Amino acid sequence: MSFENASVTKGLMLSIALTSITAGIFDVKHYLHFQLVPHLSKYHQYWRLFSHNIACANSSDLFLIEMLLYNAGVQIERAFGSAKFASFIVVTTMVSIVFTFLLSLMLHASRYLGSLFNYIPSGPMSVIFSLIYQYSRLVPTAYQFKVFGLGFNDKIWVYAVAAQLALSHTPSTLLPTVVGLLSGYIYRSDLLQLKGWRIPHRVVAFAEIWVKPLLGEGRALRRTNRVMPEQRNRRRTERNRATDEEDTVTTARRPRAARSQTGTPDTQVTDTPANSTEDATPEAGATGGQVMRQWMSELAGGARPSAGGVGTVRAPSESEIQMLVGMFPDVGREVILGVLQRSPNIEAAAETLLTSQT
C-alpha cells in the first residue's frame with residue numbers, strides 16, 4: 001500500500017511526527033498535555049485544549065498513531081476524497097475539543113472520577129479513534145480466519161493497535177477514546193449537520209499549489225502479474241532466445257565481394273585473378289572474416305536450438321531459399337541461408353526475418 005490519493009494522510013503523519021520530535025528536542029512537552037486542575041481552572045490556560053492534539057507524549061504513542069494513520073487513514077481518505085477527509089479531520093477535532101472540555105467538567109464534580117480523568121496526555125487520540133469508527137463502518141473485510149474456533153477478519157490487526165493505544169495510559173486515555181468514538185458517530189450520523197461542511201476552496205487551492213508539491217508524489221507500487229514461477233522462467237527463456245536471434249540475424253545488404261566469396265550451395269567460385277583482386281581488398285577481407293565467424297558459430301551449435309538434433313544444421317532446399325529471397329529482396333542470400341539452417345521450417349525462418357526487420 002502506498003500514499004496514492006492520500007496526500008492529506010501523508011501530510012498529517014509528517015506534521016505529527018515533526019511536532020512531536022520538535023517538542024522532545026526543545027523540552028516543551030510539559031506545555032502540551034491537558035489538565036483541568038490547575039491549568040484551566042486556576043491559570044486559565046485554555047490554549048491547552050488545542051495544543052494537546054498537535055504532538056504525542058512519547059515515541060510509543062507516536063509509533064502507534066502513525067501505524068493507525070497509515071493503515072486506516074489512507075483507506076478512509078480514498079473513500080472520502082482528500083477535500084472531504086481534510087474537512088472531516090477539522091470537524092472531528094473541534095467536536096472532540098468541545099466534548100473533552102465538557103466531559104472533564106462533568107467528571108470533576110465527582111472527587112474520585114475527577115482525580116482519575118484530570119490529566120490527559122498529549123496526542124491526537126480523539127481524532128484517531130474517530131477515524132477508527134469510520135474505518136469500522138466503511139472499509140469492508142478482505143478475508144476471515146479462525147483461531148481456536150473464534151472467527152476473526154483482517155481488520156483485527158488495526159483494532160489490536162487501537163486497543164493498545166487506548167490502554168497505553170490507563171485510565172486517562174479512556175476519556176479521549178470515548179470522545180473520539182462519539183465524535184465519529186456524530187459525524188457519521190450527521191446529528192449536528194456538520195457532515196456537509198467543507199474547507200473553503202481558497203484553502204484547498206493554496207494547499208494544492210504550495211503544500212502538496214512539498215509532500216512528493218505518492219505513486220502506486222508496481223506489482224507483477226506473473227505469480228507462477230514456471231511462467232516467469234518460461235518467459236525469461238523466450239525473451240533470452242529472442243534476444244540472441246536479434247543479435248545474430250542482420251538484415252543489412254552484404255557487399256558483392258562477400259557474396260562472391262561465400263558462394264551458395266549450388267554454385268562455386270573459381271579462383272580467378274579477378275576474385276583474387278577482390279579478396280585482397282580490406283573491405284572484402286573484413287566481410288569474409290565476419291561471415292566465416294558466423295558460419296563457425298552456426299556449425300558449433302552453441303545455445304541455439306538445432307533443427308535435426310544436437311549439433312546438426314538443417315539443409316534447406318533451393319525452393320525454400322528462392323521463396324525467402326523473393327519475399328525479402330533486401331536481405332542477403334547468405335543471411336537467408338543461415339536463418340533457414342537454424343530454423344526447423346520455412347515458416348519459422350520467415351517469422352525470424354520479419355521480427356529482425358521491425
# chains A, B, ... in the order shown; residues from 1 in each chain; ligands from 1

$ closest_atom_pairs --of "stretch 54-153 of chain A" --to "stretch 158-163 of chain A" --cutoff "9 Å" --atoms "only C-alpha atoms" --output "CSV"
residue,atom,partner,partner_atom,distance
A:Leu64,CA,A:Val161,CA,6.6
A:Ile65,CA,A:Ala162,CA,8.4
A:Met67,CA,A:Val161,CA,7.9
A:Leu68,CA,A:Val158,CA,6.7
A:Asn71,CA,A:Val158,CA,7.1
A:Ala72,CA,A:Val158,CA,7.5
A:Ile128,CA,A:Ala162,CA,8.5
A:Phe129,CA,A:Ala162,CA,7.6
A:Ile132,CA,A:Ala162,CA,7.9

$ write_last_selection --atoms "C-alpha atoms" --output "PDB file, in the first residue's frame"
ATOM      1  CA  LEU A  64       1.012   3.588  17.270  1.00  0.00           C
ATOM      2  CA  ILE A  65      -0.669   6.705  15.883  1.00  0.00           C
ATOM      3  CA  MET A  67       0.553   2.939  12.216  1.00  0.00           C
ATOM      4  CA  LEU A  68      -3.163   3.660  12.582  1.00  0.00           C
ATOM      5  CA  ASN A  71      -3.467   1.504   7.799  1.00  0.00           C
ATOM      6  CA  ALA A  72      -6.815   3.229   8.382  1.00  0.00           C
ATOM      7  CA  ILE A 128      -7.586   8.758  15.672  1.00  0.00           C
ATOM      8  CA  PHE A 129     -10.491   6.944  17.314  1.00  0.00           C
ATOM      9  CA  ILE A 132     -11.239   4.140  13.621  1.00  0.00           C
TER      10      ILE A 132
END

$ atom_distance --atom1 "atom CA of A:His169" --atom2 "atom CA of A:Gly123"
11.6 Å

$ closest_residue --among "A:Ser122, A:Gln144, A:Ser136, A:Asn345" --to "A:Thr173" --atoms "only C-alpha atoms"
A:Ser122

$ atom_distance --atom1 "atom CA of A:Arg314" --atom2 "atom CA of A:Gln341"
4.7 Å

$ select_by_dssp --residues "stretch 133-166 of chain A" --states "helix (DSSP H, G or I)" --output "list in words"
Tyr133, Gln134, Tyr135, Ser136, Arg137, Leu138, Ile156, Trp157, Val158, Tyr159, Ala160, Val161, Ala162, Ala163, Gln164, Leu165 and Ala166 of chain A

$ write_last_selection --atoms "C-alpha atoms" --output "PDB file, in the first residue's frame"
ATOM      1  CA  TYR A 133     -15.025   4.429  13.843  1.00  0.00           C
ATOM      2  CA  GLN A 134     -15.204   5.429  10.174  1.00  0.00           C
ATOM      3  CA  TYR A 135     -12.850   2.563   9.331  1.00  0.00           C
ATOM      4  CA  SER A 136     -15.108   0.039  11.050  1.00  0.00           C
ATOM      5  CA  ARG A 137     -18.168   1.295   9.175  1.00  0.00           C
ATOM      6  CA  LEU A 138     -16.774   1.964   5.684  1.00  0.00           C
ATOM      7  CA  ILE A 156      -8.492  -7.245  13.766  1.00  0.00           C
ATOM      8  CA  TRP A 157      -4.886  -6.048  13.432  1.00  0.00           C
ATOM      9  CA  VAL A 158      -5.953  -2.404  13.236  1.00  0.00           C
ATOM     10  CA  TYR A 159      -8.263  -2.880  16.207  1.00  0.00           C
ATOM     11  CA  ALA A 160      -5.446  -4.504  18.193  1.00  0.00           C
ATOM     12  CA  VAL A 161      -3.169  -1.492  17.647  1.00  0.00           C
ATOM     13  CA  ALA A 162      -6.039   0.863  18.544  1.00  0.00           C
ATOM     14  CA  ALA A 163      -6.687  -1.090  21.768  1.00  0.00           C
ATOM     15  CA  GLN A 164      -3.022  -0.844  22.669  1.00  0.00           C
ATOM     16  CA  LEU A 165      -3.174   2.927  22.174  1.00  0.00           C
ATOM     17  CA  ALA A 166      -6.352   3.207  24.271  1.00  0.00           C
TER      18      ALA A 166
END

$ select_by_dssp --residues "stretch 64-195 of chain A" --states "strand (DSSP E or B)" --output "list in words"
Tyr119, Ile120, Gln144, Phe145, Lys146, Val147, Leu150, Gly151, Phe152 and Asn153 of chain A

$ atom_distance --atom1 "atom CA of A:Met327" --atom2 "atom CA of A:Val313"
22.7 Å

$ closest_residue --among "A:Val127, A:Glu77, A:Val37, A:Leu69" --to "A:His108" --atoms "only C-alpha atoms"
A:Val37

$ residues_around --residues "stretch 198-210 of chain A" --least-positions-apart "5" --cutoff "9 Å" --atoms "only C-alpha atoms" --output "list in words"
Ala83, Lys84, Ala86, Ser87, Phe88 and Val90 of chain A

$ write_last_selection --atoms "N, CA, C and O atoms" --output "PDB file, in the first residue's frame"
ATOM      1  N   ALA A  83     -10.461  16.373  -0.103  1.00  0.00           N
ATOM      2  CA  ALA A  83     -11.134  17.564   0.430  1.00  0.00           C
ATOM      3  C   ALA A  83     -12.095  17.195   1.562  1.00  0.00           C
ATOM      4  O   ALA A  83     -12.108  17.844   2.624  1.00  0.00           O
ATOM      5  N   LYS A  84     -12.889  16.167   1.372  1.00  0.00           N
ATOM      6  CA  LYS A  84     -13.822  15.757   2.422  1.00  0.00           C
ATOM      7  C   LYS A  84     -13.070  15.186   3.626  1.00  0.00           C
ATOM      8  O   LYS A  84     -13.479  15.399   4.773  1.00  0.00           O
ATOM      9  N   ALA A  86     -10.036  16.039   4.704  1.00  0.00           N
ATOM     10  CA  ALA A  86      -9.483  17.163   5.468  1.00  0.00           C
ATOM     11  C   ALA A  86     -10.573  17.877   6.254  1.00  0.00           C
ATOM     12  O   ALA A  86     -10.356  18.280   7.412  1.00  0.00           O
ATOM     13  N   SER A  87     -11.755  18.032   5.658  1.00  0.00           N
ATOM     14  CA  SER A  87     -12.879  18.636   6.390  1.00  0.00           C
ATOM     15  C   SER A  87     -13.298  17.766   7.566  1.00  0.00           C
ATOM     16  O   SER A  87     -13.636  18.270   8.641  1.00  0.00           O
ATOM     17  N   PHE A  88     -13.264  16.446   7.369  1.00  0.00           N
ATOM     18  CA  PHE A  88     -13.593  15.519   8.461  1.00  0.00           C
ATOM     19  C   PHE A  88     -12.609  15.660   9.624  1.00  0.00           C
ATOM     20  O   PHE A  88     -13.016  15.659  10.802  1.00  0.00           O
ATOM     21  N   VAL A  90     -10.890  18.351  10.487  1.00  0.00           N
ATOM     22  CA  VAL A  90     -11.129  19.621  11.165  1.00  0.00           C
ATOM     23  C   VAL A  90     -12.388  19.546  12.033  1.00  0.00           C
ATOM     24  O   VAL A  90     -12.395  19.985  13.199  1.00  0.00           O
TER      25      VAL A  90
END
